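Undergrad: Just one file: start-v9.cif, with mmCIF, C-alpha atoms.
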data_start
#
loop_
_atom_site.label_atom_id
_atom_site.label_comp_id
_atom_site.auth_asym_id
_atom_site.auth_seq_id
_atom_site.Cartn_x
_atom_site.Cartn_y
_atom_site.Cartn_z
CA MET A 1 159.73 136.48 114.97
CA LYS A 2 158.83 137.36 111.39
CA TRP A 3 162.03 135.74 110.12
CA ASN A 4 161.16 132.49 111.89
CA GLY A 5 158.02 132.23 109.79
CA TYR A 6 159.95 132.89 106.59
CA LEU A 7 162.56 130.28 107.50
CA MET A 8 159.87 127.72 108.34
CA ALA A 9 158.10 128.39 105.03
CA ALA A 10 161.41 128.04 103.18
CA ALA A 11 162.11 124.76 105.01
CA PHE A 12 158.62 123.49 104.12
CA PHE A 13 159.15 124.27 100.43
CA LEU A 14 162.66 122.81 100.58
CA GLY A 15 161.10 119.58 101.89
CA ILE A 16 158.69 119.58 98.96
CA VAL A 17 161.57 120.10 96.50
CA ILE A 18 163.65 117.35 98.13
CA ALA A 19 160.77 114.89 97.93
CA ASN A 20 160.17 115.72 94.26
CA VAL A 21 163.87 115.35 93.44
CA TRP A 22 163.87 111.85 94.95
CA GLY A 23 161.45 110.75 92.28
CA LYS A 24 158.07 109.10 92.26
CA GLU A 25 159.38 105.52 92.13
CA LEU A 26 161.34 105.91 95.37
CA LEU A 27 158.43 107.66 97.08
CA THR A 28 155.82 105.09 96.10
CA THR A 29 157.87 101.93 96.54
CA TYR A 30 159.37 102.37 100.00
CA GLY A 31 158.12 103.74 103.26
CA ILE A 32 155.13 103.75 105.47
CA LEU A 33 152.72 105.34 102.99
CA ASN A 34 152.89 102.74 100.24
CA THR A 35 149.62 100.97 99.58
CA TYR A 36 150.91 97.50 100.50
CA PHE A 37 151.99 98.61 103.96
CA LEU A 38 148.78 100.50 104.58
CA LYS A 39 146.65 97.48 103.67
CA GLN A 40 148.71 95.30 106.02
CA TYR A 41 148.56 97.85 108.84
CA ALA A 42 144.79 98.26 108.58
CA TYR A 43 144.29 94.68 109.77
CA ALA A 44 147.38 94.16 111.93
CA ASN A 45 147.26 93.13 115.57
CA ILE A 46 149.16 95.68 117.62
CA ASN A 47 151.23 94.64 120.63
CA TYR A 48 150.70 97.77 122.72
CA ASP A 49 153.27 96.88 125.39
CA ARG A 50 156.06 96.49 122.83
CA LEU A 51 154.95 99.64 121.08
CA LEU A 52 155.01 101.57 124.37
CA TYR A 53 158.55 100.43 125.19
CA ARG A 54 159.72 101.16 121.67
CA LEU A 55 158.22 104.65 121.72
CA LEU A 56 159.67 105.37 125.16
CA TRP A 57 163.10 104.41 123.79
CA VAL A 58 162.83 106.33 120.50
CA ARG A 59 161.09 109.44 121.85
CA GLY A 60 163.35 109.40 124.91
CA LYS A 61 166.42 109.61 122.69
CA GLU A 62 164.84 112.45 120.74
CA ALA A 63 163.97 114.33 123.93
CA ALA A 64 167.51 113.81 125.23
CA ALA A 65 168.89 115.27 121.99
CA VAL A 66 166.66 118.32 122.40
CA LEU A 67 167.79 118.76 126.00
CA ILE A 68 171.47 118.39 125.12
CA LEU A 69 171.25 120.74 122.15
CA GLY A 70 169.35 123.20 124.35
CA LYS A 71 172.26 123.20 126.79
CA ILE A 72 174.97 123.51 124.13
CA PHE A 73 173.38 126.17 121.91
CA ARG A 74 171.15 129.14 122.54
CA THR A 75 167.56 128.06 123.11
CA LYS A 76 166.10 130.26 120.36
CA VAL A 77 168.51 128.77 117.81
CA VAL A 78 167.60 125.21 118.82
CA LEU A 79 163.88 126.04 118.68
CA LEU A 80 164.25 127.55 115.21
CA PHE A 81 166.24 124.51 114.06
CA PHE A 82 163.55 122.09 115.22
CA GLU A 83 160.74 124.21 113.78
CA CYS A 84 162.47 124.20 110.39
CA LEU A 85 163.23 120.49 110.63
CA LEU A 86 159.58 119.72 111.35
CA ALA A 87 158.43 122.01 108.51
CA ALA A 88 160.77 120.29 106.02
CA THR A 89 159.68 116.86 107.24
CA PHE A 90 156.04 117.86 106.86
CA GLY A 91 156.73 119.01 103.30
CA ILE A 92 158.38 115.69 102.43
CA LEU A 93 155.59 113.70 104.07
CA LEU A 94 152.94 115.70 102.25
CA VAL A 95 154.50 114.99 98.85
CA VAL A 96 154.89 111.30 99.68
CA ALA A 97 151.26 111.06 100.80
CA VAL A 98 149.94 112.74 97.67
CA ALA A 99 152.27 110.80 95.35
CA ASN A 100 151.17 107.49 96.83
CA LEU A 101 147.51 108.04 97.53
CA GLY A 102 146.37 111.24 95.88
CA ALA A 103 144.35 113.77 97.84
CA ARG A 104 143.15 111.16 100.32
CA GLY A 105 146.78 110.67 101.31
CA ILE A 106 146.67 113.98 103.13
CA PHE A 107 143.93 112.67 105.44
CA ILE A 108 145.74 109.39 105.96
CA MET A 109 148.99 111.23 106.73
CA LEU A 110 147.30 113.55 109.22
CA GLY A 111 145.58 110.55 110.81
CA GLY A 112 148.99 108.96 111.24
CA VAL A 113 150.23 111.80 113.43
CA PHE A 114 147.00 112.51 115.32
CA PRO A 115 146.53 112.99 118.30
CA GLN A 116 150.09 112.58 119.58
CA TRP A 117 151.52 115.58 117.76
CA LEU A 118 149.09 117.86 119.56
CA PHE A 119 150.77 116.82 122.79
CA TYR A 120 154.30 116.83 121.34
CA ALA A 121 153.90 120.31 119.84
CA ALA A 122 152.42 121.72 123.04
CA SER A 123 155.19 120.07 125.05
CA MET A 124 157.90 121.47 122.80
CA LEU A 125 156.45 124.99 122.81
CA LEU A 126 156.03 124.97 126.58
CA PHE A 127 159.52 123.58 127.15
CA PHE A 128 161.18 126.11 124.86
CA SER A 129 159.17 129.04 126.23
CA ALA A 130 160.24 128.08 129.77
CA ARG A 131 163.88 127.78 128.59
CA ILE A 132 163.73 131.15 126.81
CA LYS A 133 162.24 132.74 129.93
CA LYS A 134 165.03 131.23 132.03
CA ASP A 135 167.70 132.39 129.55
CA THR A 136 166.20 135.88 129.44
CA TYR A 137 166.50 136.30 133.20
CA SER A 138 170.02 134.81 133.35
CA GLY A 139 169.08 131.64 135.17
CA LYS A 140 167.42 133.35 138.14
CA ASN A 141 164.73 131.39 139.94
CA ILE A 142 161.69 132.56 138.00
CA PRO A 143 158.32 131.35 139.27
CA GLY A 144 156.67 129.06 136.80
CA VAL A 145 159.79 127.95 134.90
CA ALA A 146 160.10 124.68 136.81
CA ALA A 147 156.35 124.17 136.64
CA GLY A 148 156.45 124.81 132.88
CA GLY A 149 159.20 122.23 132.45
CA THR A 150 157.30 119.70 134.55
CA PHE A 151 154.10 120.29 132.61
CA ALA A 152 156.04 119.99 129.34
CA LEU A 153 157.31 116.58 130.49
CA LEU A 154 153.76 115.56 131.39
CA LEU A 155 152.50 116.60 127.94
CA PHE A 156 155.38 114.69 126.34
CA LEU A 157 154.42 111.52 128.24
CA MET A 158 150.76 112.04 127.27
CA GLY A 159 151.94 112.23 123.66
CA ILE A 160 153.72 108.89 124.00
CA LEU A 161 150.64 107.32 125.60
CA SER A 162 148.33 108.67 122.90
CA GLU A 163 150.75 107.49 120.21
CA THR A 164 150.71 104.04 121.79
CA TYR A 165 147.06 103.53 122.67
CA VAL A 166 144.95 106.02 120.68
CA ASN A 167 146.72 106.52 117.35
CA PRO A 168 146.92 102.86 116.22
CA VAL A 169 143.19 102.35 116.75
CA LEU A 170 142.32 105.64 115.09
CA TRP A 171 144.68 105.08 112.16
CA GLN A 172 143.36 101.56 111.53
CA LYS A 173 139.80 102.93 111.40
CA ILE A 174 140.91 105.64 108.96
CA LEU A 175 142.73 103.10 106.76
CA LYS A 176 139.75 100.73 106.70
CA ASN A 177 137.48 103.57 105.52
CA PHE A 178 139.80 104.72 102.76
#
Show how you would write the structure in this file as C-alpha coordinates.
TA:
Amino acid sequence: MKWNGYLMAAAFFLGIVIANVWGKELLTTYGILNTYFLKQYAYANINYDRLLYRLLWVRGKEAAAVLILGKIFRTKVVLLFFECLLAATFGILLVVAVANLGARGIFIMLGGVFPQWLFYAASMLLFFSARIKKDTYSGKNIPGVAAGGTFALLLFLMGILSETYVNPVLWQKILKNF
(Lines of atoms letter the chains of each structure in order from A and count residues from 1; the text may use other names and numbers.)
(Lines give C-alpha, C1' and ligand atoms only; values in the text may rest on other atoms or scores of the structure.)
Protein backbone atom coordinates (compact mmCIF):
# COMPACT_ATOMS: atom_id res chain seq x y z
CA MET A 1 0.00 0.00 0.00
CA LYS A 2 2.89 2.34 0.76
CA TRP A 3 4.33 1.79 -2.72
CA ASN A 4 1.02 2.79 -4.31
CA GLY A 5 1.33 6.22 -2.72
CA TYR A 6 4.91 6.60 -3.94
CA LEU A 7 3.93 5.57 -7.47
CA MET A 8 0.99 7.99 -7.48
CA ALA A 9 3.22 10.83 -6.26
CA ALA A 10 5.78 9.97 -8.96
CA ALA A 11 3.02 9.93 -11.59
CA PHE A 12 1.75 13.31 -10.36
CA PHE A 13 5.23 14.85 -10.63
CA LEU A 14 5.76 13.17 -14.00
CA GLY A 15 2.56 14.88 -15.18
CA ILE A 16 3.93 18.21 -14.00
CA VAL A 17 7.22 17.60 -15.84
CA ILE A 18 5.41 16.55 -19.03
CA ALA A 19 3.26 19.67 -18.98
CA ASN A 20 6.31 21.89 -18.47
CA VAL A 21 8.20 20.17 -21.29
CA TRP A 22 5.31 20.87 -23.68
CA GLY A 23 5.94 24.57 -23.26
CA LYS A 24 3.84 27.53 -22.25
CA GLU A 25 2.71 28.42 -25.79
CA LEU A 26 1.11 25.01 -26.35
CA LEU A 27 -0.50 25.04 -22.90
CA THR A 28 -1.99 28.52 -23.22
CA THR A 29 -3.08 28.40 -26.86
CA TYR A 30 -4.99 25.12 -27.05
CA GLY A 31 -7.36 23.32 -24.77
CA ILE A 32 -10.26 23.91 -22.49
CA LEU A 33 -8.46 26.23 -20.07
CA ASN A 34 -7.51 28.99 -22.47
CA THR A 35 -9.11 32.33 -21.73
CA TYR A 36 -11.02 32.55 -25.02
CA PHE A 37 -12.78 29.23 -24.44
CA LEU A 38 -13.58 30.06 -20.84
CA LYS A 39 -15.16 33.39 -21.80
CA GLN A 40 -17.27 31.64 -24.45
CA TYR A 41 -18.30 28.85 -22.08
CA ALA A 42 -19.35 31.25 -19.33
CA TYR A 43 -22.22 32.52 -21.49
CA ALA A 44 -22.97 29.45 -23.62
CA ASN A 45 -26.37 27.80 -23.81
CA ILE A 46 -26.00 24.14 -22.89
CA ASN A 47 -28.07 21.47 -24.62
CA TYR A 48 -28.39 19.09 -21.67
CA ASP A 49 -29.92 16.23 -23.65
CA ARG A 50 -27.03 16.15 -26.13
CA LEU A 51 -24.55 16.48 -23.30
CA LEU A 52 -26.17 13.54 -21.47
CA TYR A 53 -26.01 11.28 -24.54
CA ARG A 54 -22.44 12.33 -25.23
CA LEU A 55 -21.36 11.65 -21.66
CA LEU A 56 -23.14 8.29 -21.62
CA TRP A 57 -21.22 7.35 -24.76
CA VAL A 58 -17.81 8.63 -23.62
CA ARG A 59 -18.02 7.49 -19.99
CA GLY A 60 -19.57 4.19 -21.08
CA LYS A 61 -16.54 3.45 -23.25
CA GLU A 62 -14.24 4.35 -20.38
CA ALA A 63 -16.17 2.10 -17.98
CA ALA A 64 -16.07 -0.74 -20.52
CA ALA A 65 -12.29 -0.34 -20.79
CA VAL A 66 -11.99 -0.56 -17.00
CA LEU A 67 -14.16 -3.68 -16.93
CA ILE A 68 -12.23 -5.35 -19.74
CA LEU A 69 -8.84 -4.50 -18.26
CA GLY A 70 -10.10 -5.74 -14.90
CA LYS A 71 -10.89 -9.10 -16.48
CA ILE A 72 -7.61 -9.38 -18.40
CA PHE A 73 -5.19 -8.25 -15.68
CA ARG A 74 -5.10 -8.56 -11.93
CA THR A 75 -7.46 -6.09 -10.29
CA LYS A 76 -4.79 -4.50 -8.07
CA VAL A 77 -2.59 -3.82 -11.10
CA VAL A 78 -5.46 -2.19 -13.00
CA LEU A 79 -6.38 -0.09 -9.96
CA LEU A 80 -2.79 1.08 -9.56
CA PHE A 81 -2.60 1.90 -13.28
CA PHE A 82 -5.72 4.06 -13.14
CA GLU A 83 -4.65 5.76 -9.91
CA CYS A 84 -1.33 6.69 -11.51
CA LEU A 85 -3.03 7.78 -14.74
CA LEU A 86 -5.37 10.06 -12.80
CA ALA A 87 -2.48 11.46 -10.74
CA ALA A 88 -0.46 12.26 -13.89
CA THR A 89 -3.51 13.81 -15.54
CA PHE A 90 -4.13 15.94 -12.45
CA GLY A 91 -0.51 17.11 -12.54
CA ILE A 92 -0.80 18.12 -16.20
CA LEU A 93 -4.13 19.84 -15.62
CA LEU A 94 -2.76 21.73 -12.64
CA VAL A 95 0.17 23.11 -14.65
CA VAL A 96 -2.13 24.07 -17.53
CA ALA A 97 -4.53 25.85 -15.17
CA VAL A 98 -1.76 27.82 -13.47
CA ALA A 99 0.01 28.62 -16.76
CA ASN A 100 -3.19 29.97 -18.29
CA LEU A 101 -4.88 31.65 -15.38
CA GLY A 102 -2.47 31.91 -12.48
CA ALA A 103 -3.56 30.85 -9.01
CA ARG A 104 -7.23 31.34 -9.81
CA GLY A 105 -6.84 28.62 -12.44
CA ILE A 106 -6.71 26.05 -9.66
CA PHE A 107 -10.21 27.02 -8.52
CA ILE A 108 -11.52 27.06 -12.07
CA MET A 109 -9.96 23.64 -12.74
CA LEU A 110 -11.45 22.15 -9.57
CA GLY A 111 -14.81 23.69 -10.45
CA GLY A 112 -14.61 21.96 -13.81
CA VAL A 113 -14.47 18.51 -12.23
CA PHE A 114 -16.85 19.13 -9.32
CA PRO A 115 -19.13 17.41 -8.26
CA GLN A 116 -18.96 14.52 -10.73
CA TRP A 117 -15.53 13.31 -9.69
CA LEU A 118 -16.76 12.74 -6.16
CA PHE A 119 -19.15 10.17 -7.60
CA TYR A 120 -16.65 8.76 -10.11
CA ALA A 121 -13.93 8.32 -7.48
CA ALA A 122 -16.33 6.68 -5.03
CA SER A 123 -17.64 4.43 -7.80
CA MET A 124 -14.15 3.40 -8.85
CA LEU A 125 -13.00 2.70 -5.29
CA LEU A 126 -16.13 0.70 -4.51
CA PHE A 127 -15.91 -1.26 -7.76
CA PHE A 128 -12.24 -2.12 -7.29
CA SER A 129 -12.67 -3.01 -3.61
CA ALA A 130 -15.49 -5.40 -4.56
CA ARG A 131 -13.31 -6.90 -7.33
CA ILE A 132 -10.33 -7.28 -4.97
CA LYS A 133 -12.57 -8.96 -2.40
CA LYS A 134 -13.89 -11.33 -5.07
CA ASP A 135 -10.35 -12.09 -6.30
CA THR A 136 -9.14 -12.67 -2.75
CA TYR A 137 -11.77 -15.34 -2.13
CA SER A 138 -11.25 -17.01 -5.52
CA GLY A 139 -14.58 -16.04 -7.00
CA LYS A 140 -16.72 -17.56 -4.24
CA ASN A 141 -20.13 -16.00 -3.68
CA ILE A 142 -19.21 -13.41 -1.07
CA PRO A 143 -22.09 -11.43 0.42
CA GLY A 144 -21.90 -7.80 -0.52
CA VAL A 145 -19.75 -8.16 -3.65
CA ALA A 146 -22.72 -8.00 -6.02
CA ALA A 147 -24.28 -5.23 -3.96
CA GLY A 148 -20.98 -3.33 -4.05
CA GLY A 149 -20.84 -3.64 -7.83
CA THR A 150 -24.45 -2.51 -8.17
CA PHE A 151 -23.88 0.46 -5.89
CA ALA A 152 -20.71 1.32 -7.84
CA LEU A 153 -22.78 1.39 -11.03
CA LEU A 154 -25.35 3.61 -9.34
CA LEU A 155 -22.63 6.03 -8.21
CA PHE A 156 -21.19 6.02 -11.73
CA LEU A 157 -24.59 6.97 -13.18
CA MET A 158 -24.99 9.68 -10.53
CA GLY A 159 -21.61 11.02 -11.65
CA ILE A 160 -22.82 11.21 -15.25
CA LEU A 161 -26.02 12.96 -14.17
CA SER A 162 -24.15 15.45 -12.02
CA GLU A 163 -21.67 16.08 -14.85
CA THR A 164 -24.61 16.74 -17.16
CA TYR A 165 -26.95 18.81 -15.02
CA VAL A 166 -25.00 20.22 -12.06
CA ASN A 167 -21.46 20.86 -13.30
CA PRO A 168 -22.27 23.11 -16.30
CA VAL A 169 -24.38 25.44 -14.14
CA LEU A 170 -21.81 25.48 -11.36
CA TRP A 171 -18.88 25.99 -13.72
CA GLN A 172 -20.61 28.86 -15.55
CA LYS A 173 -21.21 30.60 -12.20
CA ILE A 174 -17.55 30.11 -11.26
CA LEU A 175 -16.36 31.44 -14.64
CA LYS A 176 -18.61 34.50 -14.44
CA ASN A 177 -17.19 35.37 -11.00
CA PHE A 178 -13.57 35.01 -12.06
Undergrad: Given 8 Å of margin on each side, can you work out the centre and size in Å (one decimal) of an axis-aligned box holding every listed atom of segment 149-164 of chain A, as lines of an AutoDock Vina configuration file?
TA:
center_x = 153.8
center_y = 113.1
center_z = 127.4
size_x = 26.9
size_y = 34.2
size_z = 30.3
Undergrad: Carefully work through the PyMOL selection byres ((chain A and resi 108) around 9) for this structure and note down the residues it includes, as a short mmCIF file (atom, residue, chain, number, x, y, z; two decimals) with C-alpha atoms, keeping the file's coordinate frame.
TA:
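Listed below is the output, out_9.cif:
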data_model
loop_
_atom_site.label_atom_id
_atom_site.label_comp_id
_atom_site.auth_asym_id
_atom_site.auth_seq_id
_atom_site.Cartn_x
_atom_site.Cartn_y
_atom_site.Cartn_z
CA LEU A 33 152.72 105.34 102.99
CA ALA A 97 151.26 111.06 100.80
CA LEU A 101 147.51 108.04 97.53
CA ARG A 104 143.15 111.16 100.32
CA GLY A 105 146.78 110.67 101.31
CA ILE A 106 146.67 113.98 103.13
CA PHE A 107 143.93 112.67 105.44
CA MET A 109 148.99 111.23 106.73
CA LEU A 110 147.30 113.55 109.22
CA GLY A 111 145.58 110.55 110.81
CA GLY A 112 148.99 108.96 111.24
CA TRP A 171 144.68 105.08 112.16
CA ILE A 174 140.91 105.64 108.96
CA LEU A 175 142.73 103.10 106.76
CA PHE A 178 139.80 104.72 102.76
#
Undergrad: Which is closest to Gly60 of chain A among A:Phe90, A:Phe13, A:Phe156, A:Tyr36, if we use all atoms listed in the file?
TA: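 Smallest distance to Gly60 of chain A is found for A:Phe156.
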Undergrad: Please write as a list of chain:residue names the full residue list that the PyMOL selection byres ((chain A and resi 16) around 8) yields on this file.
TA: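 Selected by the PyMOL selection byres ((chain A and resi 16) around 8) here: A:Phe12, A:Phe13, A:Leu14, A:Gly15, A:Val17, A:Ile18, A:Ala19, A:Asn20, A:Ala88, A:Gly91, A:Ile92, A:Leu94, A:Val95.
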Undergrad: I need the residue set behind the PyMOL selection byres ((chain A and resi 44-53) around 12) for this file; please write it as JSON, numbers by chain.
TA: {"A": [37, 38, 39, 40, 41, 42, 43, 54, 55, 56, 57, 58, 59, 60, 157, 158, 159, 160, 161, 162, 163, 164, 165, 166, 167, 168, 169, 171, 172, 173, 175, 176]}
Undergrad: Please provide the set of residues having any atom within 12 Å of Leu154 of chain A, restricted to all atoms listed in the file, with same-chain residues fewer than 3 positions apart removed, written as a PyMOL selection string.
TA: chain A and resi 119-120+122-124+126-127+147-151+157-161
Undergrad: Extract, using all atoms listed in the file, all DNA, RNA and protein residues at most 8 Å from segment 63-75 of chain A, discarding same-chain residues fewer than 2 positions from it, and format them as a count of residues only.
TA: 10
Undergrad: To one decimal place, how far is atom CA of Val98 of chain A from atom CA of Pro115 of chain A in Å?
TA: 20.9 Å
Undergrad: Have a look at atom CA of Val21 of chain A and atom CA of Leu93 of chain A and let me know their distance in Å, one decimal.
TA: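 Here the two named atoms are 13.6 Å from each other.
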Undergrad: By how many Å are atom CA of Leu86 of chain A and atom CA of Ala146 of chain A apart?
TA: 25.9 Å
Undergrad: For a quick check of understanding, using only C-alpha atoms, which of A:Phe114, A:Lys76, A:Phe81, A:Val96 has the smallest distance to Ala130 of chain A?
TA: A:Lys76
Undergrad: Between A:Ala87, A:Leu155, A:Ala103, A:Ile32, which one has atoms that come closest to Met8 of chain A, using only C-alpha atoms?
TA: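 For Met8 of chain A, the nearest of the given residues is A:Ala87.
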Undergrad: For Asn4 of chain A, which residue out of A:Gln116, A:Glu83, A:Leu125, A:Ala99 is the nearest one, using all atoms listed in the file?
TA: A:Glu83
